[in-house]
$ cat run_17.cif   # mmCIF, C-alpha atoms
data_query
loop_
_atom_site.group_PDB
_atom_site.id
_atom_site.type_symbol
_atom_site.label_atom_id
_atom_site.label_comp_id
_atom_site.auth_asym_id
_atom_site.auth_seq_id
_atom_site.Cartn_x
_atom_site.Cartn_y
_atom_site.Cartn_z
ATOM 1 C CA MET A 43 82.455 101.748 109.391
ATOM 2 C CA ALA A 44 84.167 98.430 109.776
ATOM 3 C CA GLY A 45 82.041 95.509 110.837
ATOM 4 C CA THR A 46 82.850 93.372 113.816
ATOM 5 C CA GLU A 47 82.330 90.043 112.094
ATOM 6 C CA LEU A 48 85.503 88.454 110.750
ATOM 7 C CA PHE A 49 84.823 86.787 107.433
ATOM 8 C CA GLU A 50 87.978 84.707 107.819
ATOM 9 C CA GLN A 51 86.166 82.764 110.541
ATOM 10 C CA ARG A 52 83.682 81.542 107.956
ATOM 11 C CA ALA A 53 86.326 79.878 105.756
ATOM 12 C CA VAL A 54 89.062 77.327 106.295
ATOM 13 C CA ILE A 55 92.057 76.039 104.380
ATOM 14 C CA SER A 56 90.919 72.459 103.971
ATOM 15 C CA GLY A 57 93.794 71.043 101.963
ATOM 16 C CA VAL A 58 97.167 71.829 100.448
ATOM 17 C CA GLY A 59 99.011 70.403 97.485
ATOM 18 C CA GLN A 60 102.364 70.761 95.792
ATOM 19 C CA SER A 61 103.772 69.772 92.453
ATOM 20 C CA ALA A 62 107.269 68.538 91.779
ATOM 21 C CA ILE A 63 109.746 71.283 92.566
ATOM 22 C CA GLY A 64 113.332 71.839 91.509
ATOM 23 C CA ARG A 65 115.779 74.209 89.936
ATOM 24 C CA GLN A 66 114.970 72.687 86.586
ATOM 25 C CA VAL A 67 111.730 70.812 86.064
ATOM 26 C CA ASP A 68 111.190 69.800 82.484
ATOM 27 C CA ARG A 69 107.441 69.900 82.530
ATOM 28 C CA SER A 70 105.210 72.790 81.683
ATOM 29 C CA GLY A 71 103.955 75.161 84.324
ATOM 30 C CA PHE A 72 100.489 74.167 83.249
ATOM 31 C CA GLN A 73 101.042 70.470 84.036
ATOM 32 C CA LEU A 74 102.650 71.308 87.368
ATOM 33 C CA THR A 75 99.651 73.488 88.166
ATOM 34 C CA ILE A 76 97.251 70.637 87.459
ATOM 35 C CA ASP A 77 99.390 68.302 89.614
ATOM 36 C CA ALA A 78 99.255 70.690 92.555
ATOM 37 C CA ILE A 79 95.536 71.382 92.220
ATOM 38 C CA LEU A 80 94.691 67.681 92.120
ATOM 39 C CA ALA A 81 96.902 67.082 95.148
ATOM 40 C CA ALA A 82 95.222 69.877 97.088
ATOM 41 C CA VAL A 83 91.745 68.656 96.201
ATOM 42 C CA ALA A 84 92.662 65.126 97.318
ATOM 43 C CA ASP A 85 94.251 66.430 100.509
ATOM 44 C CA ALA A 86 90.993 68.207 101.338
ATOM 45 C CA GLY A 87 89.106 64.951 100.902
ATOM 46 C CA LEU A 88 87.217 66.397 97.951
ATOM 47 C CA THR A 89 86.838 65.555 94.295
ATOM 48 C CA VAL A 90 87.395 67.928 91.417
ATOM 49 C CA ASP A 91 83.649 68.129 90.898
ATOM 50 C CA ASP A 92 83.324 69.721 94.354
ATOM 51 C CA ILE A 93 85.338 72.723 93.221
ATOM 52 C CA ASP A 94 83.312 75.774 92.265
ATOM 53 C CA GLY A 95 85.855 78.530 92.756
ATOM 54 C CA LEU A 96 89.299 79.227 91.290
ATOM 55 C CA ALA A 97 91.888 81.831 92.206
ATOM 56 C CA MET A 98 95.404 82.328 90.920
ATOM 57 C CA PHE A 99 98.272 84.740 91.374
ATOM 58 C CA PRO A 100 99.373 86.538 89.355
ATOM 59 C CA GLY A 101 96.513 86.893 86.951
ATOM 60 C CA GLY A 102 96.461 89.049 83.898
ATOM 61 C CA GLY A 103 99.592 87.463 82.483
ATOM 62 C CA ALA A 104 101.863 90.160 83.882
ATOM 63 C CA ALA A 105 105.314 88.634 83.670
ATOM 64 C CA ASN A 106 107.964 90.724 85.367
ATOM 65 C CA LEU A 107 110.373 87.852 84.785
ATOM 66 C CA PRO A 108 110.354 84.821 82.531
ATOM 67 C CA GLY A 109 108.450 82.159 84.410
ATOM 68 C CA TYR A 110 106.918 84.614 86.856
ATOM 69 C CA ALA A 111 103.395 84.120 85.529
ATOM 70 C CA ASN A 112 102.306 80.761 84.237
ATOM 71 C CA GLY A 113 99.197 79.442 82.631
ATOM 72 C CA ASN A 114 95.828 80.962 82.428
ATOM 73 C CA LEU A 115 92.871 80.536 84.736
ATOM 74 C CA TYR A 116 90.460 79.697 81.974
ATOM 75 C CA GLU A 117 92.744 77.035 80.531
ATOM 76 C CA VAL A 118 93.049 75.482 83.974
ATOM 77 C CA GLN A 119 89.291 75.559 84.402
ATOM 78 C CA ASP A 120 88.881 73.989 80.982
ATOM 79 C CA ALA A 121 91.389 71.268 81.803
ATOM 80 C CA LEU A 122 89.629 70.458 85.066
ATOM 81 C CA ARG A 123 86.269 70.493 83.257
ATOM 82 C CA ILE A 124 84.450 72.119 86.130
ATOM 83 C CA THR A 125 81.714 74.688 86.419
ATOM 84 C CA THR A 126 82.581 77.558 88.699
ATOM 85 C CA THR A 127 80.485 80.198 90.399
ATOM 86 C CA TRP A 128 83.463 82.381 91.322
ATOM 87 C CA ARG A 129 86.896 83.136 89.862
ATOM 88 C CA GLN A 130 89.753 85.486 90.613
ATOM 89 C CA GLY A 131 92.936 86.101 88.678
ATOM 90 C CA ILE A 132 94.735 89.171 89.927
ATOM 91 C CA VAL A 133 98.098 90.801 89.538
ATOM 92 C CA GLU A 134 98.269 92.792 92.738
ATOM 93 C CA GLY A 135 98.508 91.662 96.277
ATOM 94 C CA MET A 136 100.311 89.055 98.279
ATOM 95 C CA SER A 137 97.490 87.994 100.594
ATOM 96 C CA LEU A 138 94.667 88.870 98.220
ATOM 97 C CA PRO A 139 94.785 85.464 96.543
ATOM 98 C CA PHE A 140 93.699 84.143 99.947
ATOM 99 C CA TYR A 141 91.441 86.981 101.062
ATOM 100 C CA GLY A 142 89.445 86.965 97.854
ATOM 101 C CA PRO A 143 88.549 83.268 98.021
ATOM 102 C CA ALA A 144 87.871 83.573 101.768
ATOM 103 C CA MET A 145 85.420 86.374 101.024
ATOM 104 C CA ALA A 146 83.845 84.284 98.281
ATOM 105 C CA VAL A 147 83.329 81.349 100.648
ATOM 106 C CA ALA A 148 82.187 83.577 103.515
ATOM 107 C CA THR A 149 79.554 85.231 101.343
ATOM 108 C CA GLY A 150 78.385 82.055 99.662
ATOM 109 C CA GLN A 151 79.774 82.830 96.215
ATOM 110 C CA ALA A 152 81.754 79.609 96.300
ATOM 111 C CA ARG A 153 81.934 76.552 98.542
ATOM 112 C CA HIS A 154 85.345 75.108 97.630
ATOM 113 C CA ALA A 155 87.892 77.351 95.960
ATOM 114 C CA VAL A 156 91.317 76.266 94.759
ATOM 115 C CA ILE A 157 94.079 78.845 94.985
ATOM 116 C CA TRP A 158 97.370 78.387 93.172
ATOM 117 C CA ARG A 159 100.625 80.030 92.289
ATOM 118 C CA THR A 160 102.944 78.487 89.749
ATOM 119 C CA VAL A 161 106.548 79.655 89.563
ATOM 120 C CA LYS A 162 108.971 78.486 86.899
ATOM 121 C CA GLU A 163 111.562 81.224 87.172
ATOM 122 C CA GLY A 164 114.501 78.850 87.657
ATOM 123 C CA SER A 165 113.696 76.771 84.621
ATOM 124 C CA ALA A 166 112.815 79.847 82.580
ATOM 125 C CA ALA A 167 116.089 81.525 83.502
ATOM 126 C CA ARG A 168 118.021 78.504 82.263
ATOM 127 C CA GLY A 169 116.043 78.621 79.067
ATOM 128 C CA ALA A 170 116.796 82.313 78.668
ATOM 129 C CA GLY A 171 120.524 81.912 79.357
ATOM 130 C CA GLY A 172 120.430 83.650 82.717
ATOM 131 C CA ARG A 173 118.151 85.255 85.202
ATOM 132 C CA PRO A 174 117.261 88.800 84.226
ATOM 133 C CA ALA A 175 116.618 91.368 86.914
ATOM 134 C CA TYR A 176 113.122 92.055 88.135
ATOM 135 C CA GLY A 177 111.463 94.484 85.765
ATOM 136 C CA SER A 178 114.273 94.406 83.247
ATOM 137 C CA THR A 179 112.189 92.527 80.694
ATOM 138 C CA LYS A 180 110.020 95.602 80.323
ATOM 139 C CA PRO A 181 111.367 98.451 78.193
ATOM 140 C CA VAL A 182 110.266 101.103 80.666
ATOM 141 C CA ALA A 183 109.228 101.144 84.308
ATOM 142 C CA ASP A 184 105.599 101.994 84.897
ATOM 143 C CA GLY A 185 103.366 102.428 87.928
ATOM 144 C CA PRO A 186 105.201 102.622 91.253
ATOM 145 C CA LEU A 187 108.319 101.185 89.601
ATOM 146 C CA ALA A 188 108.605 104.393 87.535
ATOM 147 C CA TRP A 189 109.904 106.099 90.696
ATOM 148 C CA LEU A 190 112.178 103.253 91.741
ATOM 149 C CA LEU A 191 113.964 101.571 88.840
ATOM 150 C CA PRO A 192 115.200 104.756 87.097
ATOM 151 C CA VAL A 193 117.137 105.823 90.201
ATOM 152 C CA GLY A 194 118.512 102.338 90.760
ATOM 153 C CA MET A 195 116.043 101.068 93.350
ATOM 154 C CA LEU A 196 115.083 97.464 92.898
ATOM 155 C CA MET B 92 129.651 106.918 89.133
ATOM 156 C CA ASP B 93 127.537 106.343 86.053
ATOM 157 C CA ALA B 94 123.778 106.253 86.702
ATOM 158 C CA THR B 95 122.718 105.863 83.079
ATOM 159 C CA VAL B 96 122.578 102.064 83.212
ATOM 160 C CA GLY B 97 119.070 101.155 84.244
ATOM 161 C CA ILE B 98 115.456 101.227 83.236
ATOM 162 C CA ALA B 99 113.812 104.442 82.098
ATOM 163 C CA PRO B 100 110.481 105.592 83.492
ATOM 164 C CA ALA B 101 107.275 105.367 81.536
ATOM 165 C CA VAL B 102 106.075 108.957 81.170
ATOM 166 C CA THR B 103 102.382 109.560 81.738
ATOM 167 C CA GLU B 104 100.010 112.504 81.741
ATOM 168 C CA GLU B 105 100.584 112.740 85.483
ATOM 169 C CA THR B 106 104.385 112.574 85.417
ATOM 170 C CA ALA B 107 105.441 114.343 82.197
ATOM 171 C CA ALA B 108 105.829 117.732 83.887
ATOM 172 C CA PHE B 109 108.030 116.223 86.577
ATOM 173 C CA TRP B 110 110.449 114.713 84.058
ATOM 174 C CA ASP B 111 110.449 117.862 81.912
ATOM 175 C CA ALA B 112 111.379 119.938 84.953
ATOM 176 C CA ALA B 113 113.983 117.360 85.967
ATOM 177 C CA ALA B 114 115.635 117.754 82.575
ATOM 178 C CA ALA B 115 115.908 121.464 83.363
ATOM 179 C CA GLY B 116 117.374 120.742 86.788
ATOM 180 C CA ARG B 117 114.257 121.650 88.733
ATOM 181 C CA LEU B 118 112.444 119.489 91.270
ATOM 182 C CA VAL B 119 108.705 120.093 91.059
ATOM 183 C CA VAL B 120 105.812 118.652 93.021
ATOM 184 C CA GLU B 121 102.076 119.075 92.867
ATOM 185 C CA ARG B 122 100.379 121.729 94.996
ATOM 186 C CA CYS B 123 96.628 121.724 95.509
ATOM 187 C CA ALA B 124 94.881 124.881 94.298
ATOM 188 C CA ALA B 125 92.131 124.393 96.859
ATOM 189 C CA CYS B 126 93.933 123.600 100.119
ATOM 190 C CA GLY B 127 97.587 124.221 99.353
ATOM 191 C CA ALA B 128 98.796 120.777 100.342
ATOM 192 C CA GLU B 129 101.692 119.349 98.376
ATOM 193 C CA SER B 130 101.804 115.812 97.027
ATOM 194 C CA PHE B 131 104.416 113.544 95.531
ATOM 195 C CA PRO B 132 104.469 111.427 93.412
ATOM 196 C CA PRO B 133 102.038 113.333 91.192
ATOM 197 C CA ARG B 134 98.594 111.804 90.818
ATOM 198 C CA GLY B 135 96.565 114.753 89.591
ATOM 199 C CA MET B 136 94.634 114.605 92.853
ATOM 200 C CA CYS B 137 95.269 116.109 96.242
ATOM 201 C CA ARG B 138 96.038 113.547 98.914
ATOM 202 C CA SER B 139 94.829 115.955 101.581
ATOM 203 C CA CYS B 140 91.448 117.244 100.336
ATOM 204 C CA ARG B 141 90.970 115.162 97.148
ATOM 205 C CA GLY B 142 90.845 118.270 95.011
ATOM 206 C CA ARG B 143 91.557 117.750 91.333
ATOM 207 C CA ALA B 144 93.064 121.140 90.505
ATOM 208 C CA MET B 145 96.801 120.771 90.992
ATOM 209 C CA ALA B 146 99.587 123.141 90.053
ATOM 210 C CA TRP B 147 103.340 122.552 89.925
ATOM 211 C CA VAL B 148 105.642 124.216 92.411
ATOM 212 C CA GLU B 149 109.389 123.957 92.717
ATOM 213 C CA VAL B 150 111.071 122.526 95.780
ATOM 214 C CA SER B 151 114.562 123.931 96.016
ATOM 215 C CA GLY B 152 115.815 122.374 99.208
ATOM 216 C CA PRO B 153 117.999 121.706 101.026
ATOM 217 C CA GLY B 154 116.458 118.434 102.061
ATOM 218 C CA ARG B 155 117.025 115.910 104.794
ATOM 219 C CA VAL B 156 117.576 112.187 104.340
ATOM 220 C CA TYR B 157 114.588 110.387 105.795
ATOM 221 C CA SER B 158 115.891 106.936 104.939
ATOM 222 C CA TYR B 159 118.449 105.328 102.682
ATOM 223 C CA THR B 160 119.900 102.097 101.443
ATOM 224 C CA VAL B 161 123.112 101.129 99.711
ATOM 225 C CA ASN B 162 122.904 98.831 96.725
ATOM 226 C CA TYR B 163 125.844 96.490 96.219
ATOM 227 C CA GLN B 164 124.060 94.137 93.849
ATOM 228 C CA ARG B 165 124.827 94.341 90.131
ATOM 229 C CA TRP B 166 121.306 93.491 89.040
ATOM 230 C CA LEU B 167 121.873 94.684 85.493
ATOM 231 C CA PRO B 168 124.953 94.139 83.325
ATOM 232 C CA ASP B 169 127.350 97.106 83.560
ATOM 233 C CA LEU B 170 125.513 98.577 86.554
ATOM 234 C CA ALA B 171 128.099 100.483 88.577
ATOM 235 C CA VAL B 172 127.962 99.546 92.250
ATOM 236 C CA PRO B 173 127.873 100.293 95.108
ATOM 237 C CA TYR B 174 125.695 103.367 95.276
ATOM 238 C CA ALA B 175 123.470 104.952 97.886
ATOM 239 C CA ILE B 176 119.792 105.648 97.327
ATOM 240 C CA VAL B 177 118.218 108.228 99.588
ATOM 241 C CA LEU B 178 114.642 109.139 100.385
ATOM 242 C CA VAL B 179 114.631 112.872 101.000
ATOM 243 C CA GLU B 180 112.108 115.064 102.778
ATOM 244 C CA PHE B 181 112.015 118.838 102.852
ATOM 245 C CA PRO B 182 111.358 121.242 105.722
ATOM 246 C CA GLY B 183 108.103 123.063 105.102
ATOM 247 C CA HIS B 184 106.955 120.527 102.521
ATOM 248 C CA PRO B 185 105.019 117.811 104.340
ATOM 249 C CA GLY B 186 103.675 115.208 101.962
ATOM 250 C CA VAL B 187 106.769 115.263 99.799
ATOM 251 C CA ARG B 188 109.466 112.610 99.891
ATOM 252 C CA VAL B 189 111.613 112.077 96.823
ATOM 253 C CA ALA B 190 113.862 109.103 96.143
ATOM 254 C CA GLY B 191 117.114 109.542 94.278
ATOM 255 C CA ARG B 192 120.788 108.813 94.148
ATOM 256 C CA LEU B 193 123.331 110.248 96.572
ATOM 257 C CA ARG B 194 126.416 111.387 94.702
ATOM 258 C CA GLY B 195 129.604 113.217 95.476
ATOM 259 C CA CYS B 196 130.521 111.141 98.505
ATOM 260 C CA PRO B 197 131.176 107.486 99.305
ATOM 261 C CA PRO B 198 127.919 105.565 99.786
ATOM 262 C CA GLU B 199 129.062 104.719 103.312
ATOM 263 C CA GLU B 200 128.503 108.366 104.226
ATOM 264 C CA ALA B 201 124.763 108.088 103.659
ATOM 265 C CA ALA B 202 122.946 108.640 106.934
ATOM 266 C CA ILE B 203 119.518 109.433 108.243
ATOM 267 C CA GLY B 204 119.329 113.143 108.885
ATOM 268 C CA LEU B 205 122.042 114.010 106.362
ATOM 269 C CA VAL B 206 121.333 117.436 104.855
ATOM 270 C CA VAL B 207 121.421 117.368 101.070
ATOM 271 C CA ASP B 208 121.069 119.737 98.155
ATOM 272 C CA VAL B 209 118.635 119.006 95.338
ATOM 273 C CA GLY B 210 120.160 117.988 92.058
ATOM 274 C CA PHE B 211 119.891 115.711 89.094
ATOM 275 C CA GLU B 212 122.195 113.597 86.991
ATOM 276 C CA PRO B 213 121.935 111.704 83.706
ATOM 277 C CA GLY B 214 119.892 108.558 84.219
ATOM 278 C CA PRO B 215 118.567 105.747 82.058
ATOM 279 C CA GLY B 216 117.054 106.506 78.679
ATOM 280 C CA GLY B 217 118.261 110.089 78.585
ATOM 281 C CA PHE B 218 116.193 111.072 81.612
ATOM 282 C CA ALA B 219 117.564 113.283 84.349
ATOM 283 C CA ILE B 220 117.056 111.502 87.652
ATOM 284 C CA PRO B 221 116.997 112.994 91.147
ATOM 285 C CA SER B 222 120.497 112.931 92.565
ATOM 286 C CA PHE B 223 121.310 114.608 95.846
ATOM 287 C CA THR B 224 124.597 115.893 97.219
ATOM 288 C CA ALA B 225 125.586 116.220 100.842
ATOM 289 C CA VAL B 226 125.804 119.762 102.190
ATOM 290 C CA ARG B 227 129.281 120.218 103.608
#
$ encode --input "run_17.cif" --output "structure tokens"
Amino acid sequence: MAGTELFEQRAVISGVGQSAIGRQVDRSGFQLTIDAILAAVADAGLTVDDIDGLAMFPGGGAANLPGYANGNLYEVQDALRITTTWRQGIVEGMSLPFYGPAMAVATGQARHAVIWRTVKEGSAARGAGGRPAYGSTKPVADGPLAWLLPVGML
Amino acid sequence: MDATVGIAPAVTEETAAFWDAAAAGRLVVERCAACGAESFPPRGMCRSCRGRAMAWVEVSGPGRVYSYTVNYQRWLPDLAVPYAIVLVEFPGHPGVRVAGRLRGCPPEEAAIGLVVDVGFEPGPGGFAIPSFTAVR
């Protein structure tokens, strides 16, 4: 049975940050990620040492397109040199990258979590000589796509 | 219209029987041995009673277009466009909706409620893909 307490009311978005953006940005997705994280931490009035939670989308390195997935949560954590009590790197879900950290904060697993998404599809497409279609970099369609791509649904 | 340009499905334990039947021109779905409910896509588990014993039964149609879309975008090189994609349901088979191409008529003739016959056509990777035709 669903509870009546809304965990979202026990967490806030305290800061936002953004890296340089453009159709072609000649810096690595990793460096842009660090830029955005540092900007978000500063915007929240925090320091990097306050951060004890990390969440990224998509996790697992699932790249449906070149540039779709960038970096690695553990490399980011290593670069920031922080100790975390909670981490999340998931493939699925559009709002889950927010819900998961909100649950972590609401339940005391983390106090300050940074959430990021790094997209380099434009730059990667230029590097690859064109933008391939979603899913076309995989030899076969699996999961739900197995019922969509073969009949021409994209 | 050539439907062979595209991405083939990954075949799994759950879906192999579907693609084998498709190659023989038969549309099959899972039917629960315990409660009789039909399910699609196949998961090896009944969506109605969660039973695990599933058998394959053929759905012969005709079907009815539940929804559709027309793709004009050439999202792969050599992809022939435009074409209509239809999501088809079948009277007497709740729980089953199958997506496929609509062939044999201009894509502009796709419509909700259109009555279609079950069929297949050559798809990507040598697979036969669901491809429906309007009942005249």
$ closest_residue --input "run_17.cif" --among "A:Leu80, A:Gly194, A:Gly109, A:Val58" --to "Arg168 (chain A)" --atoms "all atoms listed in the file"
A:Gly109
$ resolve_selection --input "run_17.cif" --expression "the PyMOL selection byres ((chain A) within 8 of (chain B))" --output "number ranges by chain"
A: 174-175, 178, 181-184, 187-195
$ write_last_selection --input "run_17.cif" --atoms "C-alpha atoms" --output "PDB file, keeping the file's coordinate frame"
ATOM      1  CA  PRO A 174     117.261  88.800  84.226  1.00  0.00           C
ATOM      2  CA  ALA A 175     116.618  91.368  86.914  1.00  0.00           C
ATOM      3  CA  SER A 178     114.273  94.406  83.247  1.00  0.00           C
ATOM      4  CA  PRO A 181     111.367  98.451  78.193  1.00  0.00           C
ATOM      5  CA  VAL A 182     110.266 101.103  80.666  1.00  0.00           C
ATOM      6  CA  ALA A 183     109.228 101.144  84.308  1.00  0.00           C
ATOM      7  CA  ASP A 184     105.599 101.994  84.897  1.00  0.00           C
ATOM      8  CA  LEU A 187     108.319 101.185  89.601  1.00  0.00           C
ATOM      9  CA  ALA A 188     108.605 104.393  87.535  1.00  0.00           C
ATOM     10  CA  TRP A 189     109.904 106.099  90.696  1.00  0.00           C
ATOM     11  CA  LEU A 190     112.178 103.253  91.741  1.00  0.00           C
ATOM     12  CA  LEU A 191     113.964 101.571  88.840  1.00  0.00           C
ATOM     13  CA  PRO A 192     115.200 104.756  87.097  1.00  0.00           C
ATOM     14  CA  VAL A 193     117.137 105.823  90.201  1.00  0.00           C
ATOM     15  CA  GLY A 194     118.512 102.338  90.760  1.00  0.00           C
ATOM     16  CA  MET A 195     116.043 101.068  93.350  1.00  0.00           C
TER      17      MET A 195
END
$ atom_distance --input "run_17.cif" --atom1 "CA of Asp93 (chain B)" --atom2 "CA of Leu196 (chain A)"
16.8 Å
$ closest_residue --input "run_17.cif" --among "A:Arg153, A:Arg69, A:Arg173, A:Arg159" --to "Asp94 (chain A)" --atoms "all atoms listed in the file"
A:Arg153
$ atom_distance --input "run_17.cif" --atom1 "CA of Phe49 (chain A)" --atom2 "CA of Val118 (chain A)"
27.3 Å
$ residues_near_point --input "run_17.cif" --point "(110.5, 117.9, 100.1)" --cutoff "10 Å" --atoms "all atoms listed in the file" --output "list in words"
Leu118, Val119, Val120, Glu129, Ser130, Phe131, Glu149, Val150, Ser151, Gly152, Pro153, Gly154, Arg155, Leu178, Val179, Glu180, Phe181, Pro182, Gly183, His184, Pro185, Gly186, Val187, Arg188, Val189 and Val209 of chain B
$ residues_near_point --input "run_17.cif" --point "(128.1, 111.6, 102.7)" --cutoff "12 Å" --atoms "all atoms listed in the file" --output "list in words"
Val156, Tyr159, Val161, Tyr174, Ala175, Ile176, Val177, Arg192, Leu193, Arg194, Gly195, Cys196, Pro197, Pro198, Glu199, Glu200, Ala201, Ala202, Ile203, Gly204, Leu205, Val206, Val207, Asp208, Phe223, Thr224, Ala225, Val226 and Arg227 of chain B
$ write_last_selection --input "run_17.cif" --atoms "C-alpha atoms" --output "mmCIF file, in the coordinates of the input"
data_model
loop_
_atom_site.group_PDB
_atom_site.id
_atom_site.type_symbol
_atom_site.label_atom_id
_atom_site.label_comp_id
_atom_site.auth_asym_id
_atom_site.auth_seq_id
_atom_site.Cartn_x
_atom_site.Cartn_y
_atom_site.Cartn_z
ATOM 1 C CA VAL B 156 117.576 112.187 104.340
ATOM 2 C CA TYR B 159 118.449 105.328 102.682
ATOM 3 C CA VAL B 161 123.112 101.129 99.711
ATOM 4 C CA TYR B 174 125.695 103.367 95.276
ATOM 5 C CA ALA B 175 123.470 104.952 97.886
ATOM 6 C CA ILE B 176 119.792 105.648 97.327
ATOM 7 C CA VAL B 177 118.218 108.228 99.588
ATOM 8 C CA ARG B 192 120.788 108.813 94.148
ATOM 9 C CA LEU B 193 123.331 110.248 96.572
ATOM 10 C CA ARG B 194 126.416 111.387 94.702
ATOM 11 C CA GLY B 195 129.604 113.217 95.476
ATOM 12 C CA CYS B 196 130.521 111.141 98.505
ATOM 13 C CA PRO B 197 131.176 107.486 99.305
ATOM 14 C CA PRO B 198 127.919 105.565 99.786
ATOM 15 C CA GLU B 199 129.062 104.719 103.312
ATOM 16 C CA GLU B 200 128.503 108.366 104.226
ATOM 17 C CA ALA B 201 124.763 108.088 103.659
ATOM 18 C CA ALA B 202 122.946 108.640 106.934
ATOM 19 C CA ILE B 203 119.518 109.433 108.243
ATOM 20 C CA GLY B 204 119.329 113.143 108.885
ATOM 21 C CA LEU B 205 122.042 114.010 106.362
ATOM 22 C CA VAL B 206 121.333 117.436 104.855
ATOM 23 C CA VAL B 207 121.421 117.368 101.070
ATOM 24 C CA ASP B 208 121.069 119.737 98.155
ATOM 25 C CA PHE B 223 121.310 114.608 95.846
ATOM 26 C CA THR B 224 124.597 115.893 97.219
ATOM 27 C CA ALA B 225 125.586 116.220 100.842
ATOM 28 C CA VAL B 226 125.804 119.762 102.190
ATOM 29 C CA ARG B 227 129.281 120.218 103.608
#
$ resolve_selection --input "run_17.cif" --expression "the PyMOL selection byres ((chain A and resi 53) around 8)" --output "list in words"
Phe49, Glu50, Gln51, Arg52, Val54, Ile55, Ala144, Val147 and Ala148 of chain A
$ residues_around --input "run_17.cif" --residues "Cys126 (chain B)" --least-positions-apart "6" --cutoff "10 Å" --atoms "only C-alpha atoms" --output "VMD selection string"
chain B and resid 137 139 to 142 144 to 145
$ atom_distance --input "run_17.cif" --atom1 "CA of Met145 (chain A)" --atom2 "CA of Trp128 (chain A)"
10.7 Å
$ residues_around --input "run_17.cif" --residues "Tyr110 (chain A)" --least-positions-apart "2" --cutoff "6 Å" --atoms "all atoms listed in the file" --output "number ranges by chain"
A: 105, 107-108, 161, 163
$ resolve_selection --input "run_17.cif" --expression "the PyMOL selection byres ((chain A and resi 63) around 12)" --output "VMD selection string"
chain A and resid 59 to 62 64 to 71 74 to 75 77 to 78 160 to 165
$ build_atoms --input "run_17.cif" --residues "region 195-206 of chain B" --atoms "N, CA and C atoms" --output "PDB file, keeping the file's coordinate frame"
ATOM      1  N   GLY B 195     128.622 112.268  94.972  1.00  0.00           N
ATOM      2  CA  GLY B 195     129.604 113.217  95.476  1.00  0.00           C
ATOM      3  C   GLY B 195     130.263 112.809  96.777  1.00  0.00           C
ATOM      4  N   CYS B 196     129.878 111.643  97.293  1.00  0.00           N
ATOM      5  CA  CYS B 196     130.521 111.141  98.505  1.00  0.00           C
ATOM      6  C   CYS B 196     130.422 109.621  98.493  1.00  0.00           C
ATOM      7  N   PRO B 197     131.274 108.949  99.256  1.00  0.00           N
ATOM      8  CA  PRO B 197     131.176 107.486  99.305  1.00  0.00           C
ATOM      9  C   PRO B 197     129.807 107.076  99.842  1.00  0.00           C
ATOM     10  N   PRO B 198     129.252 105.973  99.324  1.00  0.00           N
ATOM     11  CA  PRO B 198     127.919 105.565  99.786  1.00  0.00           C
ATOM     12  C   PRO B 198     127.868 105.300 101.280  1.00  0.00           C
ATOM     13  N   GLU B 199     129.037 104.977 101.877  1.00  0.00           N
ATOM     14  CA  GLU B 199     129.062 104.719 103.312  1.00  0.00           C
ATOM     15  C   GLU B 199     128.733 105.968 104.121  1.00  0.00           C
ATOM     16  N   GLU B 200     128.792 107.125 103.493  1.00  0.00           N
ATOM     17  CA  GLU B 200     128.503 108.366 104.226  1.00  0.00           C
ATOM     18  C   GLU B 200     127.013 108.680 104.264  1.00  0.00           C
ATOM     19  N   ALA B 201     126.211 107.890 103.579  1.00  0.00           N
ATOM     20  CA  ALA B 201     124.763 108.088 103.659  1.00  0.00           C
ATOM     21  C   ALA B 201     124.306 107.873 105.091  1.00  0.00           C
ATOM     22  N   ALA B 202     123.426 108.743 105.554  1.00  0.00           N
ATOM     23  CA  ALA B 202     122.946 108.640 106.934  1.00  0.00           C
ATOM     24  C   ALA B 202     121.597 109.319 107.053  1.00  0.00           C
ATOM     25  N   ILE B 203     120.790 108.782 107.948  1.00  0.00           N
ATOM     26  CA  ILE B 203     119.518 109.433 108.243  1.00  0.00           C
ATOM     27  C   ILE B 203     119.802 110.789 108.872  1.00  0.00           C
ATOM     28  N   GLY B 204     119.119 111.801 108.369  1.00  0.00           N
ATOM     29  CA  GLY B 204     119.329 113.143 108.885  1.00  0.00           C
ATOM     30  C   GLY B 204     120.335 113.955 108.096  1.00  0.00           C
ATOM     31  N   LEU B 205     121.066 113.304 107.194  1.00  0.00           N
ATOM     32  CA  LEU B 205     122.042 114.010 106.362  1.00  0.00           C
ATOM     33  C   LEU B 205     121.342 115.117 105.577  1.00  0.00           C
ATOM     34  N   VAL B 206     121.908 116.302 105.592  1.00  0.00           N
ATOM     35  CA  VAL B 206     121.333 117.436 104.855  1.00  0.00           C
ATOM     36  C   VAL B 206     121.902 117.426 103.435  1.00  0.00           C
TER      37      VAL B 206
END
